[in-house]
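Text of start03.cif, listed as mmCIF, C-alpha atoms and all ligand atoms:
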data_structure
#
loop_
_atom_site.label_atom_id
_atom_site.label_comp_id
_atom_site.auth_asym_id
_atom_site.auth_seq_id
_atom_site.Cartn_x
_atom_site.Cartn_y
_atom_site.Cartn_z
CA MET A 1 -28.30 -11.34 19.23
CA SER A 2 -26.40 -13.73 17.09
CA LYS A 3 -23.74 -12.42 14.71
CA ASN A 4 -23.75 -13.35 11.04
CA ILE A 5 -20.65 -14.57 9.31
CA LEU A 6 -20.35 -15.03 5.56
CA VAL A 7 -17.94 -17.76 4.51
CA LEU A 8 -16.32 -17.44 1.06
CA PRO A 9 -14.08 -20.46 0.39
CA GLY A 10 -12.96 -19.36 -3.09
CA ASP A 11 -10.46 -21.35 -5.15
CA GLY A 12 -7.43 -23.63 -4.96
CA ILE A 13 -6.66 -24.51 -1.34
CA GLY A 14 -9.35 -22.01 -0.26
CA PRO A 15 -12.07 -24.61 0.37
CA GLU A 16 -9.67 -26.92 2.31
CA ILE A 17 -8.33 -24.31 4.68
CA VAL A 18 -11.70 -22.63 5.14
CA SER A 19 -13.38 -25.88 6.12
CA GLU A 20 -10.86 -26.30 8.96
CA ALA A 21 -11.49 -22.75 10.13
CA VAL A 22 -15.24 -23.31 9.95
CA LYS A 23 -14.77 -26.45 12.04
CA VAL A 24 -13.15 -24.30 14.72
CA LEU A 25 -15.98 -21.76 14.53
CA ALA A 26 -18.60 -24.51 14.75
CA VAL A 27 -17.00 -25.97 17.88
CA LEU A 28 -16.84 -22.52 19.50
CA ARG A 29 -20.53 -22.16 18.67
CA ASP A 30 -21.66 -25.62 19.77
CA ASP A 31 -19.44 -26.15 22.83
CA PHE A 32 -18.38 -22.71 24.02
CA GLY A 33 -21.48 -20.59 23.49
CA LEU A 34 -20.33 -18.38 20.62
CA ASP A 35 -23.53 -16.95 19.16
CA VAL A 36 -22.96 -16.99 15.39
CA ASP A 37 -24.80 -17.95 12.22
CA LEU A 38 -22.78 -19.05 9.21
CA ASP A 39 -23.73 -18.62 5.59
CA GLU A 40 -21.68 -19.51 2.51
CA ALA A 41 -21.37 -17.94 -0.94
CA LEU A 42 -19.30 -17.96 -4.12
CA VAL A 43 -16.40 -15.71 -5.01
CA GLY A 44 -13.48 -15.79 -7.44
CA GLY A 45 -13.02 -18.58 -9.97
CA ALA A 46 -15.69 -20.71 -8.30
CA ALA A 47 -18.14 -17.86 -8.89
CA ILE A 48 -16.99 -17.40 -12.50
CA ASP A 49 -17.64 -21.08 -13.20
CA ALA A 50 -21.09 -20.98 -11.63
CA THR A 51 -22.34 -17.52 -12.62
CA GLY A 52 -19.99 -16.01 -15.20
CA GLY A 53 -18.52 -13.34 -12.88
CA PRO A 54 -16.10 -13.30 -9.91
CA LEU A 55 -18.37 -11.35 -7.56
CA PRO A 56 -22.06 -12.26 -8.03
CA ASP A 57 -24.65 -9.77 -6.76
CA ALA A 58 -25.94 -12.41 -4.35
CA THR A 59 -22.52 -12.64 -2.73
CA LEU A 60 -22.08 -8.88 -2.52
CA ASP A 61 -25.57 -8.44 -1.04
CA LEU A 62 -24.86 -11.02 1.64
CA ALA A 63 -21.43 -9.51 2.28
CA ARG A 64 -23.05 -6.12 2.93
CA GLU A 65 -25.50 -7.59 5.43
CA VAL A 66 -23.27 -9.73 7.63
CA ASP A 67 -21.14 -8.71 10.60
CA ALA A 68 -17.96 -10.30 9.27
CA ILE A 69 -16.62 -12.28 6.30
CA LEU A 70 -14.20 -15.17 6.25
CA LEU A 71 -12.46 -15.65 2.91
CA GLY A 72 -10.13 -18.43 1.77
CA ALA A 73 -8.27 -17.45 -1.39
CA VAL A 74 -9.06 -16.74 -5.03
CA GLY A 75 -7.47 -17.37 -8.40
CA GLY A 76 -5.72 -20.09 -10.35
CA PRO A 77 -4.33 -21.03 -13.77
CA LYS A 78 -7.77 -22.06 -14.99
CA TRP A 79 -8.89 -18.42 -15.13
CA GLU A 80 -5.62 -16.72 -16.07
CA ALA A 81 -6.54 -16.35 -19.74
CA LEU A 82 -9.62 -14.26 -18.90
CA ASP A 83 -9.60 -10.51 -19.30
CA ILE A 84 -8.12 -8.87 -16.18
CA SER A 85 -11.42 -7.09 -15.54
CA ILE A 86 -13.26 -10.36 -14.85
CA ARG A 87 -10.56 -12.51 -13.28
CA PRO A 88 -11.05 -14.15 -9.87
CA GLU A 89 -8.88 -11.49 -8.17
CA LYS A 90 -11.49 -8.89 -9.17
CA GLY A 91 -13.90 -10.66 -6.82
CA LEU A 92 -11.60 -10.01 -3.91
CA LEU A 93 -10.76 -6.46 -4.97
CA GLY A 94 -14.46 -5.77 -5.55
CA LEU A 95 -15.33 -6.89 -2.03
CA ARG A 96 -12.59 -4.72 -0.56
CA SER A 97 -13.67 -1.61 -2.44
CA GLU A 98 -17.46 -2.10 -2.36
CA LEU A 99 -17.36 -2.66 1.41
CA ASN A 100 -14.85 0.14 1.91
CA LEU A 101 -12.41 -2.15 3.73
CA PHE A 102 -9.58 0.35 3.58
CA ALA A 103 -7.52 -0.78 6.57
CA ASN A 104 -5.66 -4.03 6.11
CA LEU A 105 -3.92 -5.33 9.22
CA ARG A 106 -1.25 -7.95 8.61
CA PRO A 107 0.52 -9.06 11.75
CA ALA A 108 3.81 -10.92 11.25
CA ILE A 109 4.47 -12.82 14.44
CA LEU A 110 7.09 -15.49 14.83
CA TYR A 111 5.93 -18.44 16.86
CA PRO A 112 9.04 -19.45 18.81
CA GLN A 113 8.32 -23.06 17.89
CA LEU A 114 8.87 -22.16 14.23
CA ALA A 115 12.18 -20.29 14.51
CA ALA A 116 13.86 -23.13 12.62
CA ALA A 117 11.41 -22.81 9.73
CA SER A 118 12.45 -19.22 8.97
CA SER A 119 14.99 -18.75 6.22
CA LEU A 120 16.71 -16.18 8.46
CA LYS A 121 18.94 -16.97 11.43
CA ALA A 122 17.06 -17.60 14.67
CA ASP A 123 18.52 -14.58 16.53
CA ILE A 124 17.35 -12.24 13.76
CA VAL A 125 13.73 -13.38 13.94
CA ALA A 126 13.31 -14.58 17.55
CA GLY A 127 10.51 -12.63 19.21
CA LEU A 128 9.50 -10.92 15.95
CA ASN A 129 6.18 -9.11 16.17
CA ILE A 130 5.43 -6.59 13.43
CA MET A 131 2.08 -5.16 12.41
CA ILE A 132 1.83 -4.06 8.81
CA VAL A 133 -1.03 -1.66 8.14
CA ARG A 134 -1.70 -1.66 4.42
CA GLU A 135 -4.01 0.82 2.68
CA LEU A 136 -6.38 -1.44 0.79
CA THR A 137 -8.90 0.45 -1.31
CA GLY A 138 -6.79 3.05 -3.07
CA GLY A 139 -3.47 3.61 -4.75
CA ILE A 140 -2.38 1.99 -7.98
CA TYR A 141 -4.72 -0.98 -7.47
CA PHE A 142 -7.76 1.21 -8.11
CA GLY A 143 -6.43 4.40 -9.70
CA GLN A 144 -7.90 5.65 -12.99
CA PRO A 145 -7.06 5.83 -15.83
CA ARG A 146 -5.75 2.33 -16.37
CA GLY A 147 -5.50 -0.04 -19.26
CA VAL A 148 -3.55 -0.93 -22.37
CA ARG A 149 -3.65 1.52 -25.28
CA GLU A 150 -2.43 1.58 -28.87
CA LEU A 151 0.26 4.12 -29.58
CA ASP A 152 0.55 5.88 -32.94
CA ARG A 153 3.82 4.16 -33.65
CA GLY A 154 2.02 0.82 -33.68
CA GLU A 155 2.94 -0.62 -30.33
CA ARG A 156 0.80 -0.98 -27.19
CA GLN A 157 1.38 0.73 -23.88
CA GLY A 158 0.15 -0.47 -20.49
CA PHE A 159 -0.62 2.15 -17.84
CA ASN A 160 -1.88 2.44 -14.27
CA THR A 161 -2.29 5.41 -12.00
CA LEU A 162 -1.03 5.80 -8.46
CA VAL A 163 -3.38 8.21 -6.69
CA TYR A 164 -3.91 9.06 -3.04
CA SER A 165 -6.13 11.82 -1.73
CA GLU A 166 -5.44 13.49 1.61
CA SER A 167 -8.52 11.97 3.22
CA GLU A 168 -7.47 8.46 2.19
CA ILE A 169 -4.03 8.97 3.70
CA GLU A 170 -5.44 10.56 6.83
CA ARG A 171 -7.77 7.70 7.68
CA ILE A 172 -5.21 4.93 7.20
CA ALA A 173 -2.61 6.93 9.13
CA ALA A 174 -5.05 7.35 12.03
CA VAL A 175 -5.68 3.60 12.11
CA ALA A 176 -1.95 2.93 12.17
CA PHE A 177 -1.24 5.49 14.90
CA ASP A 178 -4.07 4.07 17.03
CA ILE A 179 -2.64 0.58 16.67
CA ALA A 180 0.91 1.76 17.42
CA ARG A 181 -0.35 3.44 20.56
CA LYS A 182 -1.70 0.11 21.83
CA ARG A 183 1.58 -1.68 21.04
CA GLY A 184 5.17 -0.45 21.14
CA SER A 185 4.31 3.16 20.22
CA ARG A 186 6.56 3.19 17.15
CA LEU A 187 5.24 3.74 13.65
CA CYS A 188 7.28 3.57 10.45
CA SER A 189 5.58 5.00 7.37
CA VAL A 190 6.88 3.52 4.13
CA ASP A 191 6.82 5.49 0.89
CA LYS A 192 8.83 6.43 -2.18
CA ALA A 193 8.72 10.15 -1.55
CA ASN A 194 12.00 10.71 -3.34
CA VAL A 195 10.44 9.73 -6.67
CA LEU A 196 6.62 9.67 -6.50
CA GLU A 197 4.60 12.82 -5.83
CA SER A 198 1.64 10.80 -4.54
CA THR A 199 3.81 9.38 -1.79
CA GLU A 200 5.49 12.70 -1.11
CA LEU A 201 1.97 13.81 -0.19
CA TRP A 202 1.60 10.55 1.77
CA ARG A 203 4.62 11.46 3.89
CA GLU A 204 3.39 15.01 4.46
CA VAL A 205 -0.10 13.88 5.54
CA VAL A 206 1.14 11.06 7.78
CA THR A 207 3.43 13.57 9.50
CA ARG A 208 0.51 15.94 9.99
CA VAL A 209 -1.74 13.23 11.43
CA GLY A 210 1.15 12.31 13.75
CA GLU A 211 0.97 15.71 15.41
CA ALA A 212 -2.02 14.43 17.38
CA TYR A 213 -0.03 11.38 18.52
CA ALA A 214 2.88 12.87 20.43
CA ASP A 215 3.24 9.57 22.32
CA VAL A 216 3.95 7.62 19.11
CA GLU A 217 7.42 7.84 17.60
CA LEU A 218 7.00 8.32 13.84
CA SER A 219 9.69 7.52 11.32
CA HIS A 220 9.70 7.41 7.50
CA MET A 221 11.46 4.98 5.21
CA TYR A 222 11.71 4.55 1.46
CA VAL A 223 10.22 1.27 0.34
CA ASP A 224 13.42 -0.13 -1.15
CA ASN A 225 15.23 0.43 2.13
CA ALA A 226 12.26 -0.98 4.07
CA ALA A 227 12.46 -4.20 2.06
CA MET A 228 16.15 -4.45 2.87
CA GLN A 229 15.69 -3.59 6.55
CA LEU A 230 12.95 -6.23 6.88
CA VAL A 231 15.39 -8.99 6.05
CA LYS A 232 18.39 -7.33 7.69
CA TRP A 233 17.04 -6.49 11.14
CA PRO A 234 13.25 -6.90 11.21
CA LYS A 235 12.95 -6.39 14.96
CA GLN A 236 13.56 -2.64 14.47
CA PHE A 237 9.90 -2.40 13.36
CA ASP A 238 6.81 -2.20 15.54
CA VAL A 239 4.01 -0.94 13.25
CA MET A 240 4.49 -0.14 9.56
CA VAL A 241 1.97 1.80 7.49
CA THR A 242 2.11 1.92 3.74
CA THR A 243 0.30 2.10 0.41
CA ASN A 244 -1.72 -0.67 -1.18
CA MET A 245 0.99 -2.02 -3.47
CA PHE A 246 3.97 -1.52 -1.16
CA GLY A 247 1.95 -3.25 1.58
CA ASP A 248 1.21 -6.17 -0.72
CA ILE A 249 4.90 -6.70 -1.35
CA LEU A 250 6.28 -5.99 2.11
CA SER A 251 3.72 -8.21 3.83
CA ASP A 252 4.78 -11.24 1.79
CA CYS A 253 8.36 -10.45 2.70
CA ALA A 254 7.50 -10.08 6.40
CA ALA A 255 5.48 -13.29 6.27
CA MET A 256 8.48 -15.30 5.19
CA LEU A 257 10.45 -14.05 8.19
CA THR A 258 8.02 -15.99 10.34
CA GLY A 259 8.79 -19.28 8.65
CA SER A 260 5.86 -19.61 6.32
CA ILE A 261 3.30 -17.47 4.62
CA GLY A 262 0.91 -20.25 5.71
CA MET A 263 0.88 -18.84 9.24
CA LEU A 264 -0.25 -15.26 8.65
CA PRO A 265 -3.81 -14.01 9.11
CA SER A 266 -5.19 -10.64 8.11
CA ALA A 267 -8.09 -8.33 8.80
CA SER A 268 -9.53 -5.79 6.37
CA LEU A 269 -11.67 -3.25 8.17
CA ASP A 270 -14.02 -0.43 7.29
CA GLU A 271 -14.55 2.72 9.35
CA GLN A 272 -17.02 0.93 11.64
CA GLY A 273 -14.84 -2.09 12.32
CA LYS A 274 -16.75 -4.43 10.06
CA GLY A 275 -14.25 -6.73 8.49
CA MET A 276 -13.22 -9.37 6.06
CA TYR A 277 -10.71 -11.89 7.36
CA GLU A 278 -8.39 -13.96 5.21
CA PRO A 279 -5.01 -15.62 5.26
CA ILE A 280 -2.47 -13.42 3.47
CA HIS A 281 -1.36 -16.27 1.21
CA GLY A 282 -2.95 -17.10 -2.11
CA SER A 283 -4.86 -20.05 -3.52
CA ALA A 284 -1.70 -22.18 -4.05
CA PRO A 285 -3.08 -24.11 -7.04
CA ASP A 286 0.06 -26.27 -7.09
CA ILE A 287 -0.94 -28.01 -3.85
CA ALA A 288 -4.73 -27.67 -4.05
CA GLY A 289 -6.68 -30.84 -3.37
CA GLN A 290 -3.72 -32.67 -1.85
CA GLY A 291 -4.70 -32.05 1.75
CA THR A 292 -1.26 -30.62 2.56
CA ALA A 293 -2.13 -26.93 2.91
CA ASN A 294 -1.59 -25.14 6.21
CA PRO A 295 -4.96 -24.06 7.67
CA LEU A 296 -3.42 -22.09 10.55
CA ALA A 297 -3.41 -18.68 8.83
CA THR A 298 -7.14 -19.07 8.18
CA ILE A 299 -7.82 -20.33 11.70
CA LEU A 300 -5.85 -17.38 13.07
CA SER A 301 -7.91 -15.11 10.81
CA VAL A 302 -10.97 -16.35 12.70
CA ALA A 303 -9.24 -15.25 15.91
CA MET A 304 -8.73 -11.78 14.42
CA MET A 305 -12.41 -11.74 13.43
CA LEU A 306 -13.46 -12.55 16.99
CA ARG A 307 -11.25 -9.79 18.32
CA TYR A 308 -11.87 -6.99 15.80
CA SER A 309 -15.43 -7.48 14.55
CA LEU A 310 -17.28 -9.72 17.00
CA ASP A 311 -15.99 -8.34 20.28
CA GLU A 312 -15.11 -11.81 21.61
CA PRO A 313 -11.50 -11.39 22.77
CA ALA A 314 -11.65 -14.41 25.08
CA MET A 315 -12.67 -16.65 22.18
CA ALA A 316 -9.84 -15.18 20.12
CA ASP A 317 -7.38 -15.98 22.91
CA ARG A 318 -8.75 -19.50 23.02
CA ILE A 319 -7.95 -20.06 19.34
CA GLU A 320 -4.49 -18.52 19.59
CA HIS A 321 -3.64 -20.66 22.62
CA ALA A 322 -4.88 -23.75 20.79
CA VAL A 323 -2.59 -22.97 17.83
CA ASP A 324 0.28 -22.49 20.27
CA ARG A 325 -0.51 -25.86 21.81
CA VAL A 326 -0.51 -27.83 18.55
CA LEU A 327 2.81 -26.25 17.60
CA ASP A 328 4.17 -27.15 21.05
CA ASP A 329 3.00 -30.69 20.42
CA GLY A 330 5.24 -30.78 17.34
CA LEU A 331 2.49 -30.92 14.72
CA ARG A 332 3.49 -29.36 11.41
CA THR A 333 2.01 -29.10 7.93
CA ALA A 334 4.51 -29.54 5.10
CA ASP A 335 5.31 -25.82 4.74
CA ILE A 336 6.55 -25.52 8.33
CA MET A 337 7.94 -29.03 8.72
CA SER A 338 11.36 -29.38 10.32
CA GLU A 339 13.41 -32.23 11.71
CA GLY A 340 11.95 -34.16 14.63
CA MET A 341 8.43 -32.80 14.12
CA THR A 342 5.31 -34.70 13.06
CA GLU A 343 4.00 -33.88 9.60
CA VAL A 344 0.22 -33.72 9.45
CA SER A 345 -2.42 -33.00 6.83
CA CYS A 346 -4.56 -29.89 6.60
CA GLU A 347 -7.48 -31.77 8.10
CA SER A 348 -5.48 -33.29 10.99
CA MET A 349 -4.09 -29.86 11.80
CA GLY A 350 -7.66 -28.52 11.99
CA ASP A 351 -8.70 -31.45 14.20
CA ALA A 352 -5.72 -30.88 16.49
CA VAL A 353 -6.63 -27.20 16.92
CA VAL A 354 -10.22 -28.20 17.68
CA SER A 355 -9.08 -30.64 20.41
CA ALA A 356 -6.73 -28.03 21.85
CA LEU A 357 -9.60 -25.53 22.21
CA SER A 358 -10.69 -27.09 25.51
C1 LIG B 1 -3.09 -10.17 -1.17
C2 LIG B 1 -3.13 -10.76 -2.56
C3 LIG B 1 -4.09 -9.96 -3.41
C4 LIG B 1 -3.55 -8.54 -3.50
C5 LIG B 1 -4.35 -10.52 -4.81
C6 LIG B 1 -4.84 -11.96 -4.75
C7 LIG B 1 -5.31 -9.68 -5.60
O1 LIG B 1 -1.85 -10.82 -3.08
O2 LIG B 1 -4.15 -10.12 -0.53
O3 LIG B 1 -2.02 -9.77 -0.73
O4 LIG B 1 -2.72 -8.24 -4.35
O5 LIG B 1 -3.97 -7.71 -2.69
MG MG B 2 -0.30 -10.26 -1.74
#

For the structure just supplied, provide its representation as structure tokens.
Amino acid sequence: MSKNILVLPGDGIGPEIVSEAVKVLAVLRDDFGLDVDLDEALVGGAAIDATGGPLPDATLDLAREVDAILLGAVGGPKWEALDISIRPEKGLLGLRSELNLFANLRPAILYPQLAAASSLKADIVAGLNIMIVRELTGGIYFGQPRGVRELDRGERQGFNTLVYSESEIERIAAVAFDIARKRGSRLCSVDKANVLESTELWREVVTRVGEAYADVELSHMYVDNAAMQLVKWPKQFDVMVTTNMFGDILSDCAAMLTGSIGMLPSASLDEQGKGMYEPIHGSAPDIAGQGTANPLATILSVAMMLRYSLDEPAMADRIEHAVDRVLDDGLRTADIMSEGMTEVSCESMGDAVVSALS
């Protein structure tokens, strides 16, 4: 039975990078027997322009039906003046929460070919392979109450709430322990338990869940130290698990260790393994429409989709090997360009990956 994939290009460079990833999917379908049907819908600013809201019902209905979703990126200056409740980002956050995609996997892997593109010294990042497991449907991103209120003394006050229930912590911890078990068997849980009660509970619950994983070595780290350790000696980490907001911040930091945020894919999964796949970078409005964006994070997100939601590990390997090949061949988009390499456009990079598939 063929699997259904919903494609959501979004805004900024979203449509450019997604069309290269779709090209890869189409070749896998037409030439390599991947049984998939693709559908496309609106999200983010593109949806606001067309329908008035960032997550139209039609998009959400389709998203609920399909086996997996491929998303580009959302947001841009055009929509920044809108109320926060109807901005493009709400389309993305709405998909995550409506579909219960609580487990966000963000691998930070350094391709040896890109060691020179990292802002850190080669020996610090060589061989880097970290998996960040970010809680994605809770914490301060979704906590109530939230808003901006008028105080008696005539000034306004902005407020958000950081909440985590035991069951939310338990399920993300279990995902992280399971992943650690299949990798280097080391899990570092990142919190701010010295200041925030919600993450004191986080630490307690993660420790409790760990009792069932005697084979995984669990450690805990405060988030400020984790940020420092990531740039000091990142190879000390195998799997990291953390809250929604800490994961947002630390994954950008980890991404840069690998040379460019343009290389990093992600998977957001529900309890059944249904997922939404997206590059971890944003819509990069400053370079949108110039054809210079790096499509590799989105193409690698398709590989994650094949592995985690479509049960096609061989197809996933095929994509990852193809990306390896084009990097070996010296092809680079602007963000990962270094001396002696060949700078190519977004589209040429997509074409090169397609040719390297066979
Ligand atoms: C990410 C992004 C999003 C987030 C934004 C676009 C809402 O930064 O996926 O990391 O904060 O989660
Ligand atoms: Mg982010």

Minimum-distance residue to Ser189 of chain A, chosen among A:Leu101, A:Leu269, A:Ile169, A:Met240 (using only C-alpha atoms): A:Met240

Spatial neighbours of Val231 of chain A, 12 Å, only C-alpha atoms, chain gap at least 6 places, as a ChimeraX atom specification: /A:118-121,124-125,128,224-225,237,250-258

Distance table requested - segment 215-287 of chain A against segment 10-18 of chain A, cut-off 8 Å, only C-alpha atoms: one row per qualifying residue with the closest atom pair and its distance in Å to one decimal, ordered by chain and rising residue number, as a Markdown table.
| residue | atom | partner | partner_atom | distance |
| --- | --- | --- | --- | --- |
| A:Ser283 | CA | A:Gly12 | CA | 4.6 |
| A:Ala284 | CA | A:Gly12 | CA | 6.0 |
| A:Pro285 | CA | A:Gly12 | CA | 4.8 |
| A:Ile287 | CA | A:Ile13 | CA | 7.2 |

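Inspection of the environment of ligand LIG 1 (chain B), which uses all atoms listed in the file and a cut-off of 8 Å, identifies the neighbouring residues as Ala73, Val74, Gly75, Glu89, Lys90, Leu92, Leu93, Leu136, Asn244, Met245, Gly247, Asp248, Ile249, Ser251, Asp252, Ile280, His281 and Gly282 of chain A.
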
Who sits within 10 Å of Ala214 of chain A, only C-alpha atoms, same chain under 3 positions skipped, as JSON, numbers by chain: {"A": [181, 185, 210, 211, 217, 218]}

Residues just named, written with C-alpha atoms as a short mmCIF file (atom, residue, chain, number, x, y, z; two decimals), keeping the file's coordinate frame:
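Result file again_28.cif:
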data_model
loop_
_atom_site.label_atom_id
_atom_site.label_comp_id
_atom_site.auth_asym_id
_atom_site.auth_seq_id
_atom_site.Cartn_x
_atom_site.Cartn_y
_atom_site.Cartn_z
CA ARG A 181 -0.35 3.44 20.56
CA SER A 185 4.31 3.16 20.22
CA GLY A 210 1.15 12.31 13.75
CA GLU A 211 0.97 15.71 15.41
CA GLU A 217 7.42 7.84 17.60
CA LEU A 218 7.00 8.32 13.84
#

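Distance annotation: of A:Arg106, A:Asp123, A:Glu204, A:Gln236, the residue with the minimal separation from ligand MG 2 (chain B) is A:Arg106; atom set is all atoms listed in the file.
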
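Ranking A:Ala352, A:Val209, A:Ala108, A:Met276 by their shortest atom-to-atom distance to Leu264 of chain A, with all atoms listed in the file included, puts A:Ala108 first.
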
message: With all atoms listed in the file as the counted atoms, please give the residues lying no more than 9 Å from Ala293 of chain A, apart from itself and same-chain residues fewer than 2 positions off, as a list of chain:residue names.
response: A:Ile13, A:Glu16, A:Ile17, A:Gly262, A:Ala284, A:Ile287, A:Ala288, A:Gly289, A:Gln290, A:Gly291, A:Pro295, A:Thr333, A:Ala334, A:Asp335, A:Ser345, A:Cys346, A:Glu347

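Those residues positioned at most 7 Å from (-15.0, -18.3, -5.0) are Leu8, Pro9, Gly10, Asp11, Leu42, Val43, Gly44, Gly45, Ala46, Ala47 and Val74 of chain A, judged using only C-alpha atoms.
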
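Straight-line separation from atom CA of Phe102 of chain A to atom CA of Glu168 of chain A: 8.5 Å.
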
task: Excluding Gln157 of chain A and residues on its chain fewer than 4 positions from it, collect all residues at most 10 Å away from it, counting all atoms listed in the file, and give them as a ChimeraX atom specification.
output: /A:147-151

- prompt: So how many Å separate atom CA of Ile140 of chain A and atom CA of Arg156 of chain A, to one decimal?
  reply: 19.7 Å
